[in-house]
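Content type compact mmCIF, C-alpha atoms, from the file target_16.txt:
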# COMPACT_ATOMS: atom_id res chain seq x y z
CA MET A 6 69.94 96.56 169.11
CA PRO A 7 71.46 94.10 171.60
CA THR A 8 72.11 96.59 174.36
CA LEU A 9 71.46 94.35 177.37
CA ASN A 10 74.80 92.59 177.63
CA LYS A 11 76.63 95.82 176.87
CA ILE A 12 74.71 97.66 179.59
CA ARG A 13 75.65 94.91 182.01
CA ALA A 14 79.29 95.20 181.00
CA ALA A 15 79.13 98.95 181.56
CA LEU A 16 77.64 98.61 185.05
CA THR A 17 79.53 95.65 186.48
CA GLN A 18 82.78 95.72 188.35
CA HIS A 19 84.94 94.41 185.51
CA ARG A 20 88.24 96.24 185.77
CA GLY A 21 90.24 94.67 183.01
CA PRO A 22 92.68 96.72 180.96
CA PHE A 23 91.73 98.63 177.84
CA PRO A 24 91.91 96.51 174.70
CA ALA A 25 94.98 96.96 172.57
CA ASP A 26 92.94 98.22 169.61
CA PRO A 27 94.44 101.69 169.07
CA HIS A 28 91.33 103.27 167.54
CA LEU A 29 89.21 102.99 170.71
CA THR A 30 90.92 105.92 172.47
CA PRO A 31 90.26 108.47 169.68
CA LEU A 32 86.72 107.13 169.42
CA ARG A 33 86.16 107.73 173.11
CA THR A 34 87.64 111.23 172.82
CA ALA A 35 85.42 112.09 169.85
CA LEU A 36 82.26 110.82 171.56
CA THR A 37 83.15 112.73 174.72
CA ALA A 38 83.42 115.88 172.59
CA PHE A 39 79.94 115.27 171.14
CA PHE A 40 78.42 114.76 174.60
CA ALA A 41 80.09 117.94 175.89
CA MET A 42 79.01 119.93 172.83
CA ASP A 43 75.42 118.71 173.25
CA GLY A 44 75.29 119.97 176.84
CA PHE A 45 77.07 123.20 175.91
CA LEU A 46 74.65 124.12 173.12
CA PHE A 47 71.56 123.14 175.10
CA ALA A 48 72.64 125.25 178.08
CA GLY A 49 73.39 128.16 175.76
CA TRP A 50 69.77 128.06 174.63
CA VAL A 51 68.40 127.59 178.15
CA VAL A 52 70.03 130.67 179.66
CA ARG A 53 68.56 132.86 176.91
CA ILE A 54 64.97 131.72 177.56
CA PRO A 55 64.14 134.79 179.71
CA ALA A 56 65.31 137.18 176.96
CA ILE A 57 63.47 135.26 174.23
CA LYS A 58 60.33 135.15 176.41
CA ALA A 59 60.42 138.94 176.65
CA GLN A 60 61.06 139.21 172.91
CA THR A 61 58.03 137.08 172.03
CA GLY A 62 55.77 138.63 174.70
CA ALA A 63 54.64 135.16 175.78
CA GLY A 64 52.97 134.54 179.13
CA ALA A 65 53.93 131.63 181.37
CA GLY A 66 51.32 129.29 179.87
CA ALA A 67 52.14 130.18 176.25
CA LEU A 68 55.85 129.82 176.94
CA GLY A 69 55.22 126.41 178.49
CA LEU A 70 53.45 125.25 175.33
CA ALA A 71 56.24 126.63 173.15
CA LEU A 72 58.89 124.87 175.24
CA LEU A 73 56.92 121.67 174.75
CA GLY A 74 58.25 121.78 171.20
CA VAL A 75 61.73 120.74 172.33
CA SER A 76 60.55 117.59 174.08
CA ALA A 77 57.91 116.79 171.45
CA GLY A 78 60.44 117.04 168.64
CA ALA A 79 62.95 114.95 170.56
CA VAL A 80 60.53 112.14 171.42
CA ALA A 81 59.07 112.09 167.90
CA PHE A 82 62.48 111.52 166.31
CA MET A 83 63.92 108.99 168.77
CA MET A 84 62.50 105.87 167.14
CA LEU A 85 63.31 107.19 163.67
CA THR A 86 66.89 107.81 164.73
CA GLY A 87 67.20 104.23 165.96
CA ARG A 88 66.23 102.98 162.49
CA LEU A 89 68.64 105.41 160.84
CA CYS A 90 71.45 104.16 163.08
CA ARG A 91 70.76 100.59 162.04
CA ARG A 92 70.81 101.55 158.37
CA PHE A 93 73.62 104.10 158.18
CA GLY A 94 75.56 103.48 161.40
CA SER A 95 75.53 105.42 164.66
CA HIS A 96 78.69 107.36 163.75
CA THR A 97 77.18 108.85 160.60
CA VAL A 98 73.90 109.72 162.33
CA THR A 99 75.75 111.26 165.29
CA THR A 100 77.67 113.62 163.00
CA ALA A 101 74.61 114.60 160.95
CA SER A 102 72.47 115.18 164.06
CA ALA A 103 75.16 117.30 165.70
CA ALA A 104 75.37 119.53 162.64
CA ALA A 105 71.58 119.86 162.60
CA LEU A 106 71.56 120.82 166.29
CA ALA A 107 74.22 123.49 165.78
CA LEU A 108 72.30 125.00 162.87
CA SER A 109 68.89 124.88 164.56
CA ILE A 110 70.04 126.75 167.67
CA VAL A 111 70.04 130.00 165.70
CA LEU A 112 66.27 129.77 165.06
CA PRO A 113 64.66 130.64 168.46
CA PRO A 114 65.95 134.24 168.70
CA LEU A 115 64.57 134.96 165.22
CA THR A 116 60.97 134.45 166.40
CA HIS A 117 58.56 137.11 167.66
CA SER A 118 55.58 135.05 168.85
CA ALA A 119 55.01 132.03 171.06
CA THR A 120 53.58 130.09 168.11
CA ALA A 121 56.64 130.68 165.94
CA LEU A 122 58.90 129.84 168.86
CA GLY A 123 57.10 126.54 169.40
CA LEU A 124 57.47 125.60 165.74
CA VAL A 125 61.21 126.25 165.57
CA LEU A 126 61.68 124.44 168.87
CA LEU A 127 60.19 121.35 167.23
CA VAL A 128 63.13 121.45 164.80
CA PHE A 129 65.63 122.11 167.57
CA GLY A 130 64.14 119.29 169.66
CA ALA A 131 64.23 116.83 166.75
CA ALA A 132 67.95 117.47 166.26
CA TYR A 133 68.58 117.29 170.00
CA GLY A 134 66.72 113.99 170.40
CA SER A 135 68.39 112.48 167.35
CA LEU A 136 71.86 113.39 168.59
CA ASN A 137 71.19 111.92 172.02
CA VAL A 138 69.98 108.59 170.62
CA ALA A 139 72.79 108.34 168.07
CA MET A 140 75.70 109.23 170.34
CA ASN A 141 74.40 107.03 173.17
CA SER A 142 74.12 104.16 170.69
CA ALA A 143 77.71 104.74 169.62
CA ALA A 144 78.79 104.95 173.27
CA VAL A 145 77.11 101.63 174.11
CA ASP A 146 79.03 99.95 171.27
CA LEU A 147 82.28 101.45 172.52
CA ILE A 148 81.64 100.41 176.13
CA GLY A 149 81.01 96.86 174.97
CA ALA A 150 84.44 96.83 173.32
CA LEU A 151 86.24 98.55 176.21
CA ARG A 152 84.58 96.35 178.86
CA ARG A 153 84.87 99.21 181.34
CA PRO A 154 82.06 101.19 183.02
CA VAL A 155 82.74 104.52 181.29
CA MET A 156 79.18 105.54 180.37
CA SER A 157 79.04 107.86 183.38
CA SER A 158 82.03 109.77 182.01
CA PHE A 159 80.12 110.56 178.81
CA HIS A 160 77.13 111.87 180.73
CA ALA A 161 79.46 113.82 183.00
CA ALA A 162 80.88 115.45 179.86
CA PHE A 163 77.33 116.46 178.90
CA SER A 164 76.80 118.01 182.33
CA LEU A 165 80.20 119.72 182.21
CA GLY A 166 79.34 121.13 178.81
CA GLY A 167 76.07 122.39 180.27
CA MET A 168 77.89 124.07 183.13
CA LEU A 169 80.35 125.77 180.78
CA GLY A 170 77.58 126.80 178.39
CA ALA A 171 75.54 128.31 181.21
CA GLY A 172 78.57 130.04 182.67
CA LEU A 173 79.53 131.56 179.34
CA GLY A 174 75.92 132.57 178.78
CA GLY A 175 75.95 134.38 182.09
CA LEU A 176 79.08 136.29 181.14
CA VAL A 177 77.78 137.47 177.76
CA ALA A 178 74.06 137.86 178.55
CA GLY A 179 74.43 141.52 179.41
CA SER A 180 76.52 142.43 176.37
CA LEU A 181 75.37 140.19 173.50
CA SER A 182 71.89 139.81 172.09
CA PRO A 183 70.42 136.28 172.01
CA THR A 184 70.84 136.23 168.22
CA VAL A 185 74.55 137.03 168.26
CA HIS A 186 75.21 134.71 171.19
CA LEU A 187 73.46 131.70 169.64
CA VAL A 188 75.01 132.29 166.21
CA LEU A 189 78.45 132.16 167.84
CA LEU A 190 77.47 128.92 169.58
CA ALA A 191 76.32 127.49 166.24
CA VAL A 192 79.70 128.24 164.66
CA LEU A 193 81.51 126.61 167.57
CA GLY A 194 79.20 123.58 167.37
CA LEU A 195 79.88 123.13 163.67
CA LEU A 196 83.65 123.30 164.28
CA VAL A 197 83.45 120.60 166.98
CA THR A 198 81.25 118.49 164.72
CA ALA A 199 83.73 118.75 161.87
CA VAL A 200 86.72 117.71 164.00
CA ALA A 201 85.06 115.03 166.13
CA GLY A 202 82.98 113.74 163.20
CA ARG A 203 86.11 113.21 161.13
CA SER A 204 87.51 111.05 163.94
CA LEU A 205 84.31 108.98 164.03
CA HIS A 206 84.45 108.37 160.29
CA LEU A 207 88.13 107.47 160.32
CA HIS A 208 87.54 104.85 163.06
CA PRO A 209 84.57 102.51 162.48
CA ALA A 210 82.35 101.38 165.32
CA PRO A 211 83.85 98.43 167.23
CA VAL A 212 82.28 95.01 166.76
CA VAL A 213 81.38 93.39 170.08
CA PRO A 214 81.53 89.56 170.28
CA GLU A 215 78.24 89.33 172.22
CA ARG A 216 76.40 91.25 169.52
CA ARG A 217 75.01 88.16 167.77
CA THR A 218 73.82 86.34 170.88
CA ALA A 219 72.70 89.14 173.17
CA THR A 220 69.22 89.49 171.74
CA ALA A 221 68.29 85.88 172.34
CA GLU A 222 69.82 85.86 175.80
CA SER A 223 68.07 89.06 176.86
CA ARG A 224 64.53 87.85 176.16
CA PRO A 225 62.71 86.75 179.29
CA SER A 226 60.78 83.49 179.02
CA GLY A 227 57.82 81.82 180.74
CA GLY A 228 56.63 83.41 183.98
CA ARG A 229 59.55 85.84 184.00
CA ALA A 230 58.10 87.76 181.05
CA GLY A 231 55.17 89.29 182.95
CA ARG A 232 57.28 90.15 185.96
CA GLY A 233 59.92 91.68 183.70
CA ARG A 234 57.33 93.89 182.00
CA ARG A 235 56.02 95.09 185.35
CA LEU A 236 59.53 95.96 186.50
CA VAL A 237 60.17 97.84 183.26
CA VAL A 238 57.10 99.99 183.94
CA VAL A 239 58.26 100.60 187.51
CA PHE A 240 61.69 101.75 186.39
CA GLY A 241 60.09 103.83 183.64
CA LEU A 242 57.97 105.64 186.24
CA ILE A 243 61.07 106.36 188.31
CA ALA A 244 62.74 107.77 185.21
CA LEU A 245 59.65 109.86 184.42
CA CYS A 246 59.56 111.42 187.88
CA THR A 247 63.16 112.58 187.67
CA ALA A 248 63.17 113.56 183.98
CA TYR A 249 60.32 115.91 184.90
CA GLY A 250 62.70 117.61 187.34
CA GLU A 251 65.59 117.84 184.90
CA GLY A 252 63.35 119.39 182.26
CA ALA A 253 61.84 121.83 184.74
CA MET A 254 65.25 123.00 185.93
CA ALA A 255 66.48 123.50 182.38
CA ASP A 256 63.43 125.46 181.23
CA TRP A 257 62.33 127.29 184.38
CA GLY A 258 65.29 127.52 186.77
CA ALA A 259 66.85 130.67 185.34
CA LEU A 260 63.43 132.29 184.88
CA HIS A 261 62.56 131.62 188.55
CA LEU A 262 65.71 133.42 189.70
CA THR A 263 65.08 136.33 187.35
CA GLN A 264 61.33 136.73 187.82
CA ASP A 265 60.81 135.80 191.47
CA LEU A 266 64.11 136.71 193.13
CA ALA A 267 65.12 139.71 190.98
CA ALA A 268 68.40 138.15 189.88
CA GLY A 269 70.26 139.69 186.94
CA PRO A 270 70.80 137.70 183.73
CA GLY A 271 74.32 136.68 184.75
CA THR A 272 73.28 135.51 188.20
CA ALA A 273 70.31 133.59 186.81
CA ALA A 274 72.57 131.82 184.35
CA ALA A 275 74.98 131.01 187.19
CA GLY A 276 72.10 129.33 189.03
CA TYR A 277 71.67 126.83 186.21
CA ALA A 278 75.46 126.45 186.00
CA VAL A 279 75.54 125.43 189.67
CA PHE A 280 72.87 122.82 188.97
CA ALA A 281 74.86 121.52 185.98
CA LEU A 282 78.07 121.37 188.05
CA ALA A 283 76.32 119.34 190.73
CA MET A 284 74.99 116.99 188.06
CA THR A 285 78.54 116.60 186.71
CA VAL A 286 79.99 115.74 190.13
CA GLY A 287 77.16 113.32 190.83
CA ARG A 288 77.58 111.52 187.52
CA LEU A 289 81.33 111.23 187.86
CA SER A 290 80.76 109.35 191.10
CA GLY A 291 77.70 107.43 189.89
CA THR A 292 79.37 104.12 189.01
CA ALA A 293 81.22 103.96 192.32
CA LEU A 294 78.03 104.86 194.18
CA VAL A 295 76.05 102.00 192.65
CA GLN A 296 78.87 99.51 193.14
CA ARG A 297 79.25 100.56 196.76
CA PHE A 298 75.63 100.80 197.92
CA GLY A 299 73.57 99.10 195.22
CA ALA A 300 70.97 100.48 192.81
CA ALA A 301 68.05 100.58 195.26
CA ARG A 302 69.87 102.61 197.91
CA ALA A 303 71.29 104.94 195.27
CA LEU A 304 67.81 105.59 193.87
CA ILE A 305 66.26 106.16 197.32
CA ALA A 306 69.08 108.47 198.43
CA GLY A 307 69.00 110.38 195.15
CA GLY A 308 65.24 110.94 195.26
CA THR A 309 65.33 112.04 198.90
CA THR A 310 68.22 114.44 198.28
CA ALA A 311 66.52 115.92 195.21
CA THR A 312 63.30 116.44 197.20
CA ALA A 313 65.07 118.46 199.88
CA GLY A 314 67.09 120.43 197.35
CA MET A 315 64.12 121.44 195.20
CA LEU A 316 62.03 122.50 198.18
CA LEU A 317 64.85 124.86 199.13
CA GLY A 318 65.44 125.99 195.54
CA ALA A 319 61.76 126.74 194.92
CA LEU A 320 60.83 128.37 198.23
CA ALA A 321 64.04 130.07 199.39
CA PRO A 322 63.68 133.85 199.80
CA THR A 323 67.16 134.70 198.46
CA VAL A 324 69.03 133.97 195.24
CA TRP A 325 71.95 132.34 197.02
CA ALA A 326 69.79 130.01 199.08
CA ALA A 327 67.89 129.03 195.93
CA GLY A 328 71.21 128.37 194.19
CA ALA A 329 72.25 126.10 197.05
CA GLY A 330 68.96 124.24 196.66
CA PHE A 331 69.60 123.83 192.93
CA ALA A 332 73.01 122.33 193.70
CA VAL A 333 71.57 119.79 196.17
CA ALA A 334 68.82 118.91 193.68
CA GLY A 335 71.42 118.38 190.96
CA LEU A 336 73.36 115.95 193.14
CA GLY A 337 70.17 114.04 193.91
CA LEU A 338 68.89 113.83 190.34
CA ALA A 339 72.24 113.09 188.72
CA ASN A 340 72.14 109.30 188.56
CA ILE A 341 68.47 108.35 188.98
CA PHE A 342 67.55 108.36 185.30
CA PRO A 343 70.61 106.34 184.14
CA ILE A 344 70.15 103.77 186.93
CA ALA A 345 66.45 103.35 186.17
CA ILE A 346 67.05 102.84 182.44
CA ALA A 347 69.86 100.35 183.09
CA ARG A 348 67.74 98.32 185.52
CA ALA A 349 64.88 98.32 183.02
CA GLY A 350 67.31 96.80 180.53
CA GLU A 351 68.27 94.07 182.97
CA SER A 352 64.60 93.29 183.63
CA GLY A 353 63.24 93.43 180.08
CA GLY A 354 66.18 93.42 177.70
CA PRO A 355 66.42 95.88 174.82
CA ASP A 356 62.63 96.28 174.72
CA GLY A 357 62.76 97.23 178.40
CA VAL A 358 65.27 99.97 177.67
CA ALA A 359 63.06 101.33 174.88
CA VAL A 360 59.86 101.30 176.95
CA ALA A 361 61.42 102.85 180.06
CA SER A 362 63.16 105.50 177.97
CA THR A 363 59.90 106.46 176.29
CA VAL A 364 58.07 106.64 179.62
CA GLY A 365 60.96 108.55 181.15
CA TYR A 366 61.12 111.13 178.39
CA GLY A 367 57.40 111.54 178.87
CA GLY A 368 58.34 113.27 182.11
CA MET A 369 60.48 115.73 180.21
CA LEU A 370 57.60 116.19 177.78
CA LEU A 371 55.14 116.78 180.63
CA GLY A 372 57.34 119.08 182.70
CA PRO A 373 57.52 122.36 180.72
CA PRO A 374 53.78 122.83 180.07
CA ALA A 375 52.79 121.53 183.51
CA ILE A 376 55.07 124.03 185.24
CA GLY A 377 53.82 126.79 182.94
CA PHE A 378 50.13 126.14 183.61
CA LEU A 379 50.67 125.76 187.36
CA ALA A 380 52.74 128.96 187.44
CA GLU A 381 49.96 130.83 185.67
CA ALA A 382 47.32 129.45 188.05
CA THR A 383 49.36 129.93 191.24
CA SER A 384 53.00 131.01 191.12
CA LEU A 385 56.26 129.74 189.66
CA PRO A 386 57.83 128.88 193.06
CA LEU A 387 54.79 126.80 194.00
CA ALA A 388 54.80 125.13 190.58
CA LEU A 389 58.46 124.16 191.04
CA THR A 390 57.64 122.31 194.26
CA THR A 391 56.07 119.63 192.04
CA VAL A 392 59.65 118.68 191.12
CA ALA A 393 60.27 117.88 194.78
CA LEU A 394 56.98 115.99 194.98
CA LEU A 395 57.83 113.72 192.03
CA ALA A 396 61.38 113.16 193.30
CA ALA A 397 59.82 111.96 196.57
CA VAL A 398 57.50 109.67 194.56
CA ALA A 399 60.53 108.22 192.75
CA ALA A 400 62.26 107.55 196.08
CA GLY A 401 59.09 105.92 197.42
CA ILE A 402 58.73 103.65 194.38
CA ALA A 403 62.38 102.66 194.65
CA TYR A 404 61.90 101.82 198.34
CA LEU A 405 58.76 99.75 197.77
CA THR A 406 60.41 97.77 194.97
CA ARG A 407 63.88 97.60 196.51
CA GLY A 408 63.98 93.79 196.36
CA ALA A 409 63.64 93.86 192.57
CA HIS A 410 66.85 95.85 192.13
CA HIS A 411 68.94 92.87 193.18
CA THR A 412 67.38 90.42 190.75
CA GLY A 413 69.59 89.84 187.78
CA SER A 414 71.85 92.75 188.54
CA ARG A 415 74.99 90.75 188.52
Once more with this new file: its structure as structure tokens, please.
Amino acid sequence: MPTLNKIRAALTQHRGPFPADPHLTPLRTALTAFFAMDGFLFAGWVVRIPAIKAQTGAGAGALGLALLGVSAGAVAFMMLTGRLCRRFGSHTVTTASAAALALSIVLPPLTHSATALGLVLLVFGAAYGSLNVAMNSAAVDLIGALRRPVMSSFHAAFSLGGMLGAGLGGLVAGSLSPTVHLVLLAVLGLLVTAVAGRSLHLHPAPVVPERRTATAESRPSGGRAGRGRRLVVVFGLIALCTAYGEGAMADWGALHLTQDLAAGPGTAAAGYAVFALAMTVGRLSGTALVQRFGAARALIAGGTTATAGMLLGALAPTVWAAGAGFAVAGLGLANIFPIAIARAGESGGPDGVAVASTVGYGGMLLGPPAIGFLAEATSLPLALTTVALLAAVAAGIAYLTRGAHHTGSR
């Protein structure tokens, strides 16, 4: 898919007016609803991990392997979803994947062993990964037609949905069982899918003029090819380091507050909500941040901020100090992954985006079991300091390669 020119259009300073085409606004609204629903459902699952862990009787290591199912299912279905989008259209695949995600969220609380939990999380992860690929593909098409840098608003909607889902989970955790809670979320997800999906099907995906020429233009030639591939790997490593942190916070943040700092279910859920709120604020300001300071400085500052925040969040002796650390970490991590993937696209074209995304999601794949095994061998707080370590590595890589961020960025 010719994403390169459309990524450039989304990240540049073009400030032209919205096109007159009246169907772009409802399309943007529908896609925003899907992004928000995705974050809302995922957070609803995350805040019930402690209760489902107790229900299955899993230890930290076994839980880590079970949680690996989410990332494994997601990564396994990403390439397949890309082919499905090319054949059936991103709008159709977005709607089908959203329905599958809503239905699969009811499966985890029905399990009573770590093995069964891991198997159903493969299904949940497959639906989650498919929805993310499909709706991002639809968003890229829309951004190309709008010619405005609105991608950050979609990802902010995901983070806002995560904050609301975690907040609601905290309110009902003490009164509703995980089964009842997640069934209610499934019903809500199906309702959103029905309404927003109808809008997607009534308004076809916009056709972008650059679509036919972007692929040829995005291919590096001659001596640039090798350098472009090396840069793609660099940006993929940066994405990996920070995706590791995002996955760790989603899967282990609430459990850390509950297990190590004696927080109640509501307070633990609020800790993840604070992280999600910080991510939302950071992503809303992401485009302006890059335009103001440049990609290299934004990456270095984000990695440094996330390092400090996670050290505080992992090692703080009180719940409130840990929550403050989670917030700082959320601000730092917010824009690193999107910037890294976009820069990989500018260096290597569509293939660069695919390679860096795969490497980056490897961090999310690695995070849950790595934290689990380290927690079992040492302690969960010490295991969570690896998030700070990898954020520092990402900042260091960005600093050492800072000259590359300016090449071809305009």
Exercise for review: Excluding range 387-403 of chain A and any residue of its chain fewer than 4 positions from it, enumerate the residues within 8 Å of it, using only C-alpha atoms, and give them as a PyMOL selection string.
Suggested key: chain A and resi 239+242-244+246-247+249-250+253+301+304-309+311-316+319-320+376-377+379-380+383+407
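Across the structure, CA of Gly179 in chain A and CA of Pro270 in chain A are spaced 6.8 Å apart.
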Just give me the residues with any atom within 8 Å of (74.3, 108.9, 165.9), file coordinates, counting all atoms listed in the file, written as a PDB file with C-alpha atoms, in the frame of the given file.
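Wrote it out as selection_5.pdb, contents follow:
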ATOM      1  CA  THR A  86      66.890 107.810 164.730  1.00  0.00           C
ATOM      2  CA  CYS A  90      71.450 104.160 163.080  1.00  0.00           C
ATOM      3  CA  GLY A  94      75.560 103.480 161.400  1.00  0.00           C
ATOM      4  CA  SER A  95      75.530 105.420 164.660  1.00  0.00           C
ATOM      5  CA  HIS A  96      78.690 107.360 163.750  1.00  0.00           C
ATOM      6  CA  THR A  97      77.180 108.850 160.600  1.00  0.00           C
ATOM      7  CA  VAL A  98      73.900 109.720 162.330  1.00  0.00           C
ATOM      8  CA  THR A  99      75.750 111.260 165.290  1.00  0.00           C
ATOM      9  CA  THR A 100      77.670 113.620 163.000  1.00  0.00           C
ATOM     10  CA  ALA A 101      74.610 114.600 160.950  1.00  0.00           C
ATOM     11  CA  SER A 102      72.470 115.180 164.060  1.00  0.00           C
ATOM     12  CA  SER A 135      68.390 112.480 167.350  1.00  0.00           C
ATOM     13  CA  LEU A 136      71.860 113.390 168.590  1.00  0.00           C
ATOM     14  CA  ASN A 137      71.190 111.920 172.020  1.00  0.00           C
ATOM     15  CA  VAL A 138      69.980 108.590 170.620  1.00  0.00           C
ATOM     16  CA  ALA A 139      72.790 108.340 168.070  1.00  0.00           C
ATOM     17  CA  MET A 140      75.700 109.230 170.340  1.00  0.00           C
ATOM     18  CA  ASN A 141      74.400 107.030 173.170  1.00  0.00           C
ATOM     19  CA  SER A 142      74.120 104.160 170.690  1.00  0.00           C
ATOM     20  CA  ALA A 143      77.710 104.740 169.620  1.00  0.00           C
TER      21      ALA A 143
END
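Straight-line separation from CA of Gly66 in chain A to CA of Leu385 in chain A: 11.0 Å.
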**Study point:** Of the listed residues A:Phe93, A:Phe378, A:Tyr133, A:Phe159, that which approaches Leu46 in chain A most closely, counting all atoms listed in the file
**Key:** A:Tyr133
Point to revise | Which residue of A:Leu169, A:Ala321, A:Ala334, A:Ala119 approaches Asp265 in chain A most closely, using all atoms listed in the file | key: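 Of the candidates, the smallest distance to Asp265 in chain A is held by A:Ala321.
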**Study point:** Contacts of range 195-208 of chain A within 8 Å, all atoms listed in the file, excl. fewer than 2 positions in-chain, as a PyMOL selection string
**Key:** chain A and resi 28+31-32+35-36+38-39+42+96-97+99-100+103-104+107-108+191-193+210
**Study point:** Atom pair CA of Gly170 in chain A / CA of Phe45 in chain A: separation (Å)
**Key:**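 Computing it gives 4.4 Å between the two atoms.
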Exercise for review: For range 274-277 of chain A, please output as a count of residues only all residues within 6 Å (counting only C-alpha atoms; exclusion window: fewer than 3 positions along the same chain).
Suggested key: 8
Study note, to complete from the structure: Of A:Arg348, A:Gly372, A:Gly258, A:Ile110, the one sitting nearest Gly233 in chain A when using all atoms listed in the file is A:Arg348
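For the set A:Leu29, A:Met168, A:Ala162, A:Leu68, the residue with the smallest atom-to-atom gap to Gly123 in chain A is A:Leu68, counting all atoms listed in the file.
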Point to revise | Spatial neighbours of Trp325 in chain A, max dist 10 Å, all atoms listed in the file, sep filter under 4 positions, as a list in words | key: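 Counting only the stated atoms, we get Leu262, Leu266, Ala268, Thr272, Gly276, Gly318, Ala321, Ala329, Gly330 and Phe331 of chain A.
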Just to be explicit: take each residue in the selection above, keep C-alpha atoms, and write the result as a PDB file, in the coordinates of the input.
ATOM      1  CA  LEU A 262      65.710 133.420 189.700  1.00  0.00           C
ATOM      2  CA  LEU A 266      64.110 136.710 193.130  1.00  0.00           C
ATOM      3  CA  ALA A 268      68.400 138.150 189.880  1.00  0.00           C
ATOM      4  CA  THR A 272      73.280 135.510 188.200  1.00  0.00           C
ATOM      5  CA  GLY A 276      72.100 129.330 189.030  1.00  0.00           C
ATOM      6  CA  GLY A 318      65.440 125.990 195.540  1.00  0.00           C
ATOM      7  CA  ALA A 321      64.040 130.070 199.390  1.00  0.00           C
ATOM      8  CA  ALA A 329      72.250 126.100 197.050  1.00  0.00           C
ATOM      9  CA  GLY A 330      68.960 124.240 196.660  1.00  0.00           C
ATOM     10  CA  PHE A 331      69.600 123.830 192.930  1.00  0.00           C
TER      11      PHE A 331
END
Practice item. Extract, using all atoms listed in the file, all DNA, RNA and protein residues at most 9 Å from Leu73 in chain A, discarding same-chain residues fewer than 4 positions from it, and format them as a VMD selection string. Key: chain A and resid 68 to 69 77 to 78 123 126 to 127 369 to 374
Any chance you can output those residues with C-alpha atoms as a compact mmCIF listing (two decimals), keeping the file's coordinate frame?
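As written to disk, again.txt reads:
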# COMPACT_ATOMS: atom_id res chain seq x y z
CA LEU A 68 55.85 129.82 176.94
CA GLY A 69 55.22 126.41 178.49
CA ALA A 77 57.91 116.79 171.45
CA GLY A 78 60.44 117.04 168.64
CA GLY A 123 57.10 126.54 169.40
CA LEU A 126 61.68 124.44 168.87
CA LEU A 127 60.19 121.35 167.23
CA MET A 369 60.48 115.73 180.21
CA LEU A 370 57.60 116.19 177.78
CA LEU A 371 55.14 116.78 180.63
CA GLY A 372 57.34 119.08 182.70
CA PRO A 373 57.52 122.36 180.72
CA PRO A 374 53.78 122.83 180.07
My structure is short of atoms at range 398-409 of chain A; please model N, CA and C atoms there, returning them as a CSV table (one decimal), in the frame of the given file.
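The resulting file, rebuild_3.csv, is shown below:
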chain,number,residue,atom,x,y,z
A,398,VAL,N,58.2,110.8,195.1
A,398,VAL,CA,57.5,109.7,194.6
A,398,VAL,C,58.5,108.7,194.0
A,399,ALA,N,59.5,109.1,193.3
A,399,ALA,CA,60.5,108.2,192.8
A,399,ALA,C,61.2,107.5,193.9
A,400,ALA,N,61.6,108.2,194.9
A,400,ALA,CA,62.3,107.6,196.1
A,400,ALA,C,61.3,106.5,196.7
A,401,GLY,N,60.0,106.9,196.8
A,401,GLY,CA,59.1,105.9,197.4
A,401,GLY,C,58.9,104.7,196.6
A,402,ILE,N,58.8,104.8,195.3
A,402,ILE,CA,58.7,103.6,194.4
A,402,ILE,C,60.0,102.8,194.5
A,403,ALA,N,61.1,103.4,194.5
A,403,ALA,CA,62.4,102.7,194.6
A,403,ALA,C,62.4,101.9,196.0
A,404,TYR,N,61.9,102.5,197.0
A,404,TYR,CA,61.9,101.8,198.3
A,404,TYR,C,60.9,100.6,198.3
A,405,LEU,N,59.8,100.8,197.8
A,405,LEU,CA,58.8,99.8,197.8
A,405,LEU,C,59.2,98.6,196.9
A,406,THR,N,60.0,98.8,195.9
A,406,THR,CA,60.4,97.8,195.0
A,406,THR,C,61.9,97.4,195.1
A,407,ARG,N,62.4,97.7,196.3
A,407,ARG,CA,63.9,97.6,196.5
A,407,ARG,C,64.4,96.2,196.3
A,408,GLY,N,63.5,95.2,196.6
A,408,GLY,CA,64.0,93.8,196.4
A,408,GLY,C,64.2,93.5,194.9
A,409,ALA,N,63.5,94.1,194.0
A,409,ALA,CA,63.6,93.9,192.6
A,409,ALA,C,65.0,94.3,192.0
